[in-house]
Structures are given as structure tokens and as C-alpha cells.
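J.: My structure is in upload-v9.cif, and what it holds is mmCIF, C-alpha atoms:
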```
data_target
#
loop_
_atom_site.label_atom_id
_atom_site.label_comp_id
_atom_site.auth_asym_id
_atom_site.auth_seq_id
_atom_site.Cartn_x
_atom_site.Cartn_y
_atom_site.Cartn_z
CA GLY E 1 -24.43 -28.03 46.57
CA TRP E 2 -24.83 -25.90 43.49
CA GLU E 3 -22.63 -26.89 40.55
CA GLY E 4 -23.68 -24.30 37.95
CA GLU E 5 -21.64 -21.61 36.26
CA ALA E 6 -21.79 -17.86 36.90
CA LEU E 7 -22.41 -15.87 33.72
CA TRP E 8 -22.26 -12.38 35.28
CA THR E 9 -19.30 -12.78 37.57
CA ALA E 10 -18.74 -9.18 38.69
CA PRO E 11 -21.87 -8.73 40.83
CA TRP E 12 -22.68 -12.45 41.12
CA PRO E 13 -19.57 -14.65 41.43
CA LYS E 14 -20.04 -18.40 41.71
CA GLU E 15 -19.41 -18.41 45.49
CA ARG E 16 -22.22 -15.89 46.06
CA LEU E 17 -24.63 -17.87 43.90
CA ALA E 18 -23.74 -21.04 45.79
CA ARG E 19 -24.58 -19.31 49.09
CA GLN E 20 -27.90 -18.16 47.67
CA HIS E 21 -28.65 -21.70 46.50
CA ALA E 22 -27.93 -23.06 49.97
CA THR E 23 -30.26 -20.49 51.52
CA MET E 24 -33.11 -20.75 49.01
CA GLY E 25 -33.00 -24.34 47.82
CA SER E 26 -33.22 -25.60 44.24
CA ALA E 27 -36.89 -24.83 43.54
CA LEU E 28 -36.84 -21.15 44.51
CA PHE E 29 -33.31 -20.64 43.12
CA ASP E 30 -34.28 -22.07 39.74
CA CYS E 31 -37.36 -19.87 39.69
CA MET E 32 -35.54 -16.63 40.50
CA TYR E 33 -32.15 -17.11 38.87
CA GLN E 34 -32.79 -19.67 36.12
CA GLN E 35 -36.32 -18.57 35.09
CA GLU E 36 -37.55 -22.12 35.66
CA PRO E 37 -40.63 -21.98 37.93
CA LEU E 38 -42.28 -25.08 39.37
CA ALA E 39 -44.71 -26.68 36.97
CA GLU E 40 -48.35 -26.71 37.99
CA GLY E 41 -49.00 -29.66 40.30
CA GLU E 42 -45.33 -30.08 41.18
CA LEU E 43 -44.54 -30.68 44.85
CA THR E 44 -42.72 -28.17 47.05
CA PHE E 45 -41.12 -31.01 49.04
CA PRO E 46 -40.16 -33.84 46.66
CA PRO E 47 -39.71 -37.25 48.34
CA ALA E 48 -35.99 -37.26 47.50
CA ILE E 49 -35.18 -34.22 49.65
CA ILE E 50 -37.28 -35.56 52.52
CA ASP E 51 -35.59 -38.95 52.47
CA ARG E 52 -32.08 -37.47 52.66
CA CYS E 53 -32.98 -36.02 56.09
CA ARG E 54 -33.82 -39.39 57.64
CA SER E 55 -31.18 -40.29 60.22
CA GLN E 56 -30.44 -43.20 62.55
CA ARG E 57 -31.23 -41.05 65.58
CA LYS E 58 -34.04 -42.55 67.65
CA GLY E 59 -37.30 -40.84 68.48
CA GLY E 60 -36.83 -38.48 71.42
CA GLN E 61 -33.04 -38.78 71.25
CA ALA E 62 -31.12 -35.51 71.49
CA PRO E 63 -28.69 -34.61 68.68
CA SER E 64 -24.96 -34.38 69.27
CA GLY E 65 -23.14 -31.11 69.78
CA GLU E 66 -23.80 -28.01 71.83
CA GLY E 67 -25.95 -24.90 71.54
CA TRP E 68 -29.30 -26.66 71.12
CA ILE E 69 -32.53 -25.36 72.67
CA ARG E 70 -35.38 -27.74 73.55
CA VAL E 71 -38.65 -26.28 72.29
CA ALA E 72 -42.24 -27.26 71.54
CA SER E 73 -43.90 -25.47 68.61
CA VAL E 74 -47.70 -25.45 68.55
CA ASP E 75 -50.20 -24.63 65.83
CA PRO E 76 -53.43 -24.69 67.89
CA SER E 77 -57.03 -25.06 66.80
CA PRO E 78 -60.10 -25.41 69.05
CA THR E 79 -62.15 -27.22 66.38
CA MET E 80 -59.75 -28.68 63.80
CA TYR E 81 -56.29 -30.21 64.19
CA ASN E 82 -53.79 -29.16 66.84
CA ALA E 83 -50.23 -29.81 65.71
CA VAL E 84 -46.98 -29.78 67.64
CA ILE E 85 -43.34 -30.42 66.89
CA VAL E 86 -40.95 -30.99 69.78
CA ALA E 87 -37.40 -30.36 68.62
CA ASP E 88 -33.90 -29.26 69.48
CA VAL E 89 -33.02 -26.16 67.45
CA ARG E 90 -30.02 -23.89 67.11
CA TYR E 91 -29.26 -20.79 65.11
CA GLU E 92 -25.68 -19.64 64.66
CA GLY E 93 -24.74 -16.92 62.19
CA ASP E 94 -27.23 -17.44 59.38
CA GLN E 95 -27.49 -21.21 59.80
CA TRP E 96 -30.69 -22.66 61.27
CA GLN E 97 -30.83 -26.33 62.27
CA CYS E 98 -33.64 -28.46 63.64
CA ALA E 99 -33.46 -31.98 65.09
CA ILE E 100 -37.02 -33.25 65.50
CA LEU E 101 -37.77 -35.29 68.62
CA ASP E 102 -41.52 -35.83 68.33
CA VAL E 103 -44.48 -34.86 66.15
CA GLU E 104 -48.14 -34.95 67.16
CA SER E 105 -51.43 -34.00 65.55
CA TRP E 106 -54.91 -34.43 67.02
CA LYS E 107 -58.39 -32.98 67.03
CA GLY E 108 -59.41 -31.38 70.30
CA GLY E 109 -59.95 -28.27 72.32
CA GLU E 110 -58.08 -26.42 75.02
CA ALA E 111 -58.04 -29.12 77.72
CA PRO E 112 -56.14 -31.75 75.66
CA LEU E 113 -53.62 -29.09 74.63
CA ARG E 114 -52.98 -28.14 78.26
CA ARG E 115 -52.40 -31.78 79.16
CA ALA E 116 -50.06 -32.17 76.19
CA ILE E 117 -47.95 -29.17 77.23
CA HIS E 118 -47.61 -30.59 80.75
CA ARG E 119 -46.51 -33.90 79.24
CA TRP E 120 -43.89 -32.28 76.98
CA ARG E 121 -42.46 -30.47 79.98
CA ARG E 122 -42.27 -33.71 81.94
CA GLU E 123 -41.02 -36.05 79.19
CA TYR E 124 -38.84 -33.71 77.12
CA ARG E 125 -38.03 -30.96 79.63
CA ILE E 126 -38.77 -28.23 77.11
CA THR E 127 -37.47 -24.78 78.04
CA HIS E 128 -39.18 -22.83 75.22
CA LEU E 129 -42.67 -22.82 73.77
CA VAL E 130 -43.65 -21.28 70.42
CA ILE E 131 -47.40 -20.94 69.94
CA GLU E 132 -49.46 -19.14 67.32
CA ASP E 133 -51.19 -16.02 68.61
CA SER E 134 -54.43 -15.73 66.67
CA ALA E 135 -58.17 -15.35 67.12
CA VAL E 136 -58.63 -19.09 67.61
CA SER E 137 -56.05 -19.26 70.42
CA LYS E 138 -57.06 -16.04 72.19
CA THR E 139 -59.01 -17.76 74.97
CA LEU E 140 -56.08 -20.00 75.83
CA LEU E 141 -53.45 -17.26 75.64
CA ASP E 142 -55.49 -14.91 77.81
CA SER E 143 -56.11 -17.51 80.51
CA GLU E 144 -54.59 -17.33 83.98
CA TRP E 145 -53.16 -20.80 83.40
CA PHE E 146 -51.19 -19.61 80.36
CA HIS E 147 -49.91 -16.47 82.11
CA GLU E 148 -48.57 -18.74 84.86
CA LEU E 149 -46.93 -20.91 82.19
CA GLU E 150 -45.17 -17.82 80.78
CA SER E 151 -43.48 -17.34 84.14
CA GLN E 152 -42.06 -20.87 83.94
CA LEU E 153 -41.03 -21.16 80.27
CA THR E 154 -39.71 -18.85 77.59
CA VAL E 155 -42.84 -18.36 75.50
CA VAL E 156 -42.72 -16.94 71.96
CA ARG E 157 -46.07 -15.83 70.54
CA HIS E 158 -45.99 -16.31 66.79
CA ARG E 159 -48.20 -14.34 64.41
CA THR E 160 -48.78 -15.60 60.89
CA GLN E 161 -49.24 -12.80 58.38
CA GLU E 162 -47.53 -12.08 55.07
CA ASN E 163 -44.38 -13.60 56.60
CA LYS E 164 -45.80 -16.97 55.57
CA ASN E 165 -44.86 -16.17 51.95
CA HIS E 166 -41.44 -14.61 52.64
CA GLN E 167 -39.03 -15.72 49.90
CA LEU E 168 -36.10 -16.60 52.17
CA TRP E 169 -37.81 -17.44 55.47
CA GLY E 170 -41.39 -18.36 54.54
CA VAL E 171 -43.02 -21.79 54.69
CA GLU E 172 -41.72 -22.95 51.31
CA SER E 173 -38.15 -22.03 52.32
CA LEU E 174 -38.22 -25.19 54.44
CA ALA E 175 -37.54 -27.04 51.18
CA SER E 176 -33.97 -25.69 51.21
CA ASP E 177 -33.51 -26.95 54.77
CA PHE E 178 -34.54 -30.45 53.74
CA GLU E 179 -32.36 -30.28 50.64
CA TYR E 180 -29.28 -29.25 52.67
CA ARG E 181 -30.10 -31.56 55.60
CA ARG E 182 -30.60 -28.79 58.13
CA ILE E 183 -33.63 -30.72 59.37
CA ASP E 184 -33.02 -34.10 61.00
CA LEU E 185 -35.80 -36.70 61.04
CA PRO E 186 -35.40 -39.48 63.65
CA CYS E 187 -35.85 -42.83 61.90
CA GLY E 188 -33.61 -45.08 64.00
CA ASP E 189 -36.53 -46.84 65.72
CA GLU E 190 -40.24 -47.41 65.33
CA VAL E 191 -41.10 -44.54 67.70
CA GLY E 192 -39.14 -42.05 65.62
CA ARG E 193 -40.46 -43.36 62.30
CA ALA E 194 -44.08 -43.20 63.51
CA ALA E 195 -43.68 -39.62 64.73
CA THR E 196 -41.86 -38.54 61.57
CA GLU E 197 -44.54 -40.02 59.33
CA VAL E 198 -47.12 -37.55 60.68
CA LEU E 199 -45.06 -34.68 59.22
CA VAL E 200 -43.95 -36.53 56.09
CA LYS E 201 -47.55 -37.25 55.03
CA GLU E 202 -48.26 -33.51 54.95
CA LEU E 203 -44.99 -32.68 53.18
CA ARG E 204 -45.74 -35.16 50.40
CA VAL E 205 -48.94 -33.38 49.36
CA TYR E 206 -48.15 -29.73 50.17
CA PRO E 207 -49.58 -27.38 48.94
CA HIS E 208 -52.31 -29.49 47.31
CA HIS E 209 -54.11 -30.41 50.52
CA LYS E 210 -55.90 -28.28 53.09
CA VAL E 211 -54.29 -29.87 56.19
CA PHE E 212 -50.65 -28.92 56.78
CA ASP E 213 -50.60 -27.98 60.48
CA THR E 214 -47.40 -29.84 61.38
CA ILE E 215 -45.62 -28.06 58.51
CA MET E 216 -46.74 -24.75 60.00
CA ALA E 217 -45.49 -25.79 63.46
CA LEU E 218 -42.12 -26.62 61.90
CA TRP E 219 -42.04 -23.27 60.11
CA PHE E 220 -42.79 -21.42 63.38
CA LEU E 221 -39.44 -22.71 64.65
CA LYS E 222 -37.61 -21.30 61.64
CA TRP E 223 -39.34 -17.93 61.51
CA ASN E 224 -38.75 -17.35 65.24
CA ARG E 225 -35.14 -18.59 65.07
CA LYS E 226 -33.71 -15.40 66.57
CA SER E 227 -35.84 -15.82 69.68
CA LEU E 228 -34.56 -19.38 70.13
CA ARG E 229 -30.88 -18.70 70.66
CA VAL E 230 -28.79 -19.61 73.68
CA LYS E 231 -28.54 -16.29 75.48
CA VAL E 232 -25.75 -15.10 77.78
CA ARG E 233 -26.82 -12.48 80.28
CA LYS E 234 -24.84 -9.26 79.91
CA LEU E 235 -24.27 -9.05 83.67
CA ASP E 236 -22.73 -12.51 83.76
CA HIS E 237 -20.63 -11.66 80.70
CA PHE E 238 -19.03 -8.61 82.29
CA ARG E 239 -18.53 -10.36 85.59
CA GLY E 240 -16.62 -13.02 83.73
CA LEU E 241 -18.80 -15.85 85.05
CA ASN E 242 -18.93 -17.43 81.61
CA ARG E 243 -15.22 -17.22 80.90
CA GLY E 244 -13.78 -20.61 81.69
CA PRO E 245 -10.02 -19.75 81.78
CA ASN E 246 -10.54 -17.18 84.53
CA ALA E 247 -10.85 -19.52 87.50
CA SER E 248 -11.11 -16.71 90.04
CA GLY E 249 -14.45 -15.60 88.59
CA ARG E 250 -13.21 -12.06 87.93
CA SER E 251 -13.73 -10.57 84.50
CA TRP E 252 -10.88 -9.61 82.19
CA ILE E 253 -11.99 -5.97 82.60
CA ALA E 254 -11.49 -6.11 86.37
CA LYS E 255 -8.10 -7.79 85.88
CA ARG E 256 -7.01 -5.13 83.39
CA LYS E 257 -7.96 -2.34 85.80
CA GLN E 258 -6.00 -4.04 88.58
CA ASP E 259 -2.95 -4.32 86.32
CA GLU E 260 -3.24 -0.63 85.44
CA ARG E 261 -3.34 0.34 89.13
CA LYS E 262 -0.26 -1.77 89.83
CA LYS E 263 1.55 -0.09 86.93
CA LYS E 264 0.72 3.38 88.27
CA LEU E 265 1.92 2.42 91.77
CA THR E 266 5.16 1.13 90.27
CA GLN E 267 5.66 4.39 88.36
CA VAL E 268 5.02 6.46 91.54
CA SER E 269 7.46 4.35 93.53
CA SER E 270 10.19 4.77 90.90
CA ILE E 271 9.70 8.58 90.95
CA ASP E 272 10.00 8.68 94.77
CA LEU E 273 13.21 6.69 94.65
CA THR E 274 14.81 9.17 92.27
#
```
For this file, produce the structure as C-alpha cells.
T.:
Amino acid sequence: GWEGEALWTAPWPKERLARQHATMGSALFDCMYQQEPLAEGELTFPPAIIDRCRSQRKGGQAPSGEGWIRVASVDPSPTMYNAVIVADVRYEGDQWQCAILDVESWKGGEAPLRRAIHRWRREYRITHLVIEDSAVSKTLLDSEWFHELESQLTVVRHRTQENKNHQLWGVESLASDFEYRRIDLPCGDEVGRAATEVLVKELRVYPHHKVFDTIMALWFLKWNRKSLRVKVRKLDHFRGLNRGPNASGRSWIAKRKQDERKKKLTQVSSIDLT
């Protein structure tokens, strides 16, 4: 965490600065609040912040806890590299977390990508798919096969524009997630280490290399975080189907109305008796 001192405490107390540091990460925070920009040639993702995210979780192993959504994020290309990250993600309040299960990158067209999506559904049982909607993916996204897929999965079509450079949620903001361990890299077995290395190789040279497709696929997950929440249907909520303590399945609203009717009947009965 941030251990600095607040010099202008009225509008910017130390607690508020610490929250900003956690959101932005050291590099962007130092640039904006300390007037210390990155030197030319300096890396956005230093090895030290990457290494702190390596865990003993095995490749393909789900993280502990609840509220995770299983999703595949795809940065497609018909001629260059396709990149995908399969991960469990969750977004609660303003905290985004990502536990990577698998990372892949390959050169190929539409047919290999279709086969890969079928495999992710079979092996990882993904429920959500994030895919970039651009000129290069138009043929795939307009196909009858993809429209059928949209009826079977929750599909989020991502569009990369100026959002790529957003200060708090852009690509480089991923550095803060590595720094604060909001991204979990599976390194507990050879499978996990091999998959992780595909992403790590790109992180180590970003932005000084032209290939960073897996980084983009990871960023798609963060930018579209609000579309990757566990959703409770409003109808179920008001019927009380998601309220564990109410074993009868009736909502608290229905129970309150019943209690009010009983109270009125009691009042009427007492008036009749007098």
C-alpha cells in the first residue's frame, strides 16, 4: 500500500490518496500526484509486480470463494495472432479481480477460433464470452454460427476506441491490478506456468513491442467488468426465491402484506366485540 504523507489534507487526506494509489498503481499515481512520470524506455509492467501475482493455484483450477464468473476473452485476428484468456472474474463494489485459468495465442483464421471456442465450452464450461467487435471480426460476428452461439452464452461485444487510454480503466491500469494482486497467475504446476508465460512475455516488453494481444484480451475483461457480474433476476428477487431464510419460497413483501391483513382482521374483530 501507499506509505506517503498528505501535504494538502483538507481536500486530499491520506486515506483518499491511499485509495487512489490502490486504484491507479504506483506508476500512474507518481505521474499524476508526484510529478514523476515514467522515464523513456521504462516498462509499464516491471517484473517485480508480475512475480507477486504468481500463486500456487494450478492451471485450470478455479479460485476459492464465491461470486466468480467463468469467461473467455478473445482478441481475434484473421491474419495475425488470435489471443484468448480464460479466467474466473468478479466485480464487487469498485474491486475487480481476475483468476486466470488458461492463456492461448496462435496464428489462424476463423475455423481454428470456432474450434477453440467449442473446446473452452467443453473443458472450462464458460458461461460468458467477451470478443472484440471490429472490422477484422465482422465476418465471424455476422455469421449464423455466431448468432446461434449468442443464444447459448452471454456474449459481450467489446469495442476498442479511446477507452484503451483511459487513466483509471485503460490498458496501462492493469499495472495497478498486478501491483495489488488483483490478478492471479496459476504457477502451481507446469500447465499453469506454461500458459502464464504466454502473457508474461508480452507484459515484460509492453509497450515496446508490436505484439500484445493477450494483454488486450486481459484488458477486455477489466473494461467490461460491469457486464460480467453475477446477476439476480428482479422477478426472482421479489418472489423471494433467492432469500435462503424464507423456506416457504414467499417473499418478505408477501409476508408483510399477509401480516397487515391479519392485523386489520384483528382490529375489526375487536370493534365488533365492543
J.: The residues within 7 Å of (-44.5, -25.9, 63.6), using all atoms listed in the file and the coordinates of the file, should be reported as an MDAnalysis selection string; which are they?
T.: chainID E and resid 73:75 84:85 214:221
J.: Measuring atom to atom with only C-alpha atoms, identify which of E:Pro76, E:Arg122, E:Thr154, E:Asn82 is nearest to Val136 in chain E.
T.: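 Closest candidate: E:Pro76.
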J.: In terms of the shortest atom-to-atom distance over all atoms listed in the file, which of E:Ala116, E:Cys98, E:Leu203, E:Ile126 is closest to Val171 in chain E?
T.: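 Selected residue with least distance to Val171 in chain E: E:Leu203.
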J.: Could you write out as a list of chain:residue names the residues that the PyMOL selection byres ((chain E and resi 71) around 7) matches in the shown file?
T.: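 Listing what the PyMOL selection byres ((chain E and resi 71) around 7) selects in the shown file: E:Ile69, E:Arg70, E:Ala72, E:Ser73, E:Val86, E:Ala87, E:Asp88, E:Ile126, E:Thr127, E:His128, E:Leu129.
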J.: Give me range 180-202 of chain E with N, CA and C atoms filled in, as a compact mmCIF listing (two decimals), in the coordinates of the input.
T.:
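Result saved to rebuild-v4.txt:
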```txt
# COMPACT_ATOMS: atom_id res chain seq x y z
N TYR E 180 -30.63 -29.36 52.11
CA TYR E 180 -29.28 -29.25 52.67
C TYR E 180 -29.16 -29.92 54.05
N ARG E 181 -30.14 -30.74 54.38
CA ARG E 181 -30.10 -31.56 55.60
C ARG E 181 -29.96 -30.75 56.88
N ARG E 182 -30.58 -29.59 56.90
CA ARG E 182 -30.60 -28.79 58.13
C ARG E 182 -31.72 -29.23 59.07
N ILE E 183 -32.58 -30.11 58.55
CA ILE E 183 -33.63 -30.72 59.37
C ILE E 183 -33.32 -32.20 59.50
N ASP E 184 -33.36 -32.70 60.72
CA ASP E 184 -33.02 -34.10 61.00
C ASP E 184 -34.28 -34.84 61.45
N LEU E 185 -34.62 -35.89 60.72
CA LEU E 185 -35.80 -36.70 61.04
C LEU E 185 -35.36 -38.00 61.71
N PRO E 186 -35.84 -38.28 62.93
CA PRO E 186 -35.40 -39.48 63.65
C PRO E 186 -36.08 -40.74 63.09
N CYS E 187 -35.30 -41.61 62.49
CA CYS E 187 -35.85 -42.83 61.90
C CYS E 187 -35.10 -44.07 62.36
N GLY E 188 -34.41 -43.97 63.51
CA GLY E 188 -33.61 -45.08 64.00
C GLY E 188 -34.40 -46.13 64.77
N ASP E 189 -35.68 -45.85 65.06
CA ASP E 189 -36.53 -46.84 65.72
C ASP E 189 -37.96 -46.59 65.31
N GLU E 190 -38.85 -47.49 65.73
CA GLU E 190 -40.24 -47.41 65.33
C GLU E 190 -40.92 -46.15 65.87
N VAL E 191 -40.53 -45.75 67.09
CA VAL E 191 -41.10 -44.54 67.70
C VAL E 191 -40.80 -43.31 66.84
N GLY E 192 -39.54 -43.18 66.44
CA GLY E 192 -39.14 -42.05 65.62
C GLY E 192 -39.80 -42.08 64.25
N ARG E 193 -39.86 -43.25 63.63
CA ARG E 193 -40.46 -43.36 62.30
C ARG E 193 -41.95 -43.02 62.34
N ALA E 194 -42.65 -43.48 63.38
CA ALA E 194 -44.08 -43.20 63.51
C ALA E 194 -44.33 -41.71 63.68
N ALA E 195 -43.52 -41.06 64.51
CA ALA E 195 -43.68 -39.62 64.73
C ALA E 195 -43.35 -38.84 63.46
N THR E 196 -42.28 -39.23 62.78
CA THR E 196 -41.86 -38.54 61.57
C THR E 196 -42.90 -38.64 60.47
N GLU E 197 -43.58 -39.79 60.40
CA GLU E 197 -44.54 -40.02 59.33
C GLU E 197 -45.70 -39.03 59.36
N VAL E 198 -46.05 -38.54 60.56
CA VAL E 198 -47.12 -37.55 60.68
C VAL E 198 -46.77 -36.30 59.86
N LEU E 199 -45.53 -35.84 59.98
CA LEU E 199 -45.06 -34.68 59.22
C LEU E 199 -44.87 -35.01 57.75
N VAL E 200 -44.27 -36.16 57.47
CA VAL E 200 -43.95 -36.53 56.09
C VAL E 200 -45.21 -36.63 55.23
N LYS E 201 -46.30 -37.13 55.79
CA LYS E 201 -47.55 -37.25 55.03
C LYS E 201 -48.02 -35.88 54.53
N GLU E 202 -47.86 -34.86 55.36
CA GLU E 202 -48.26 -33.51 54.95
C GLU E 202 -47.28 -32.94 53.92
```
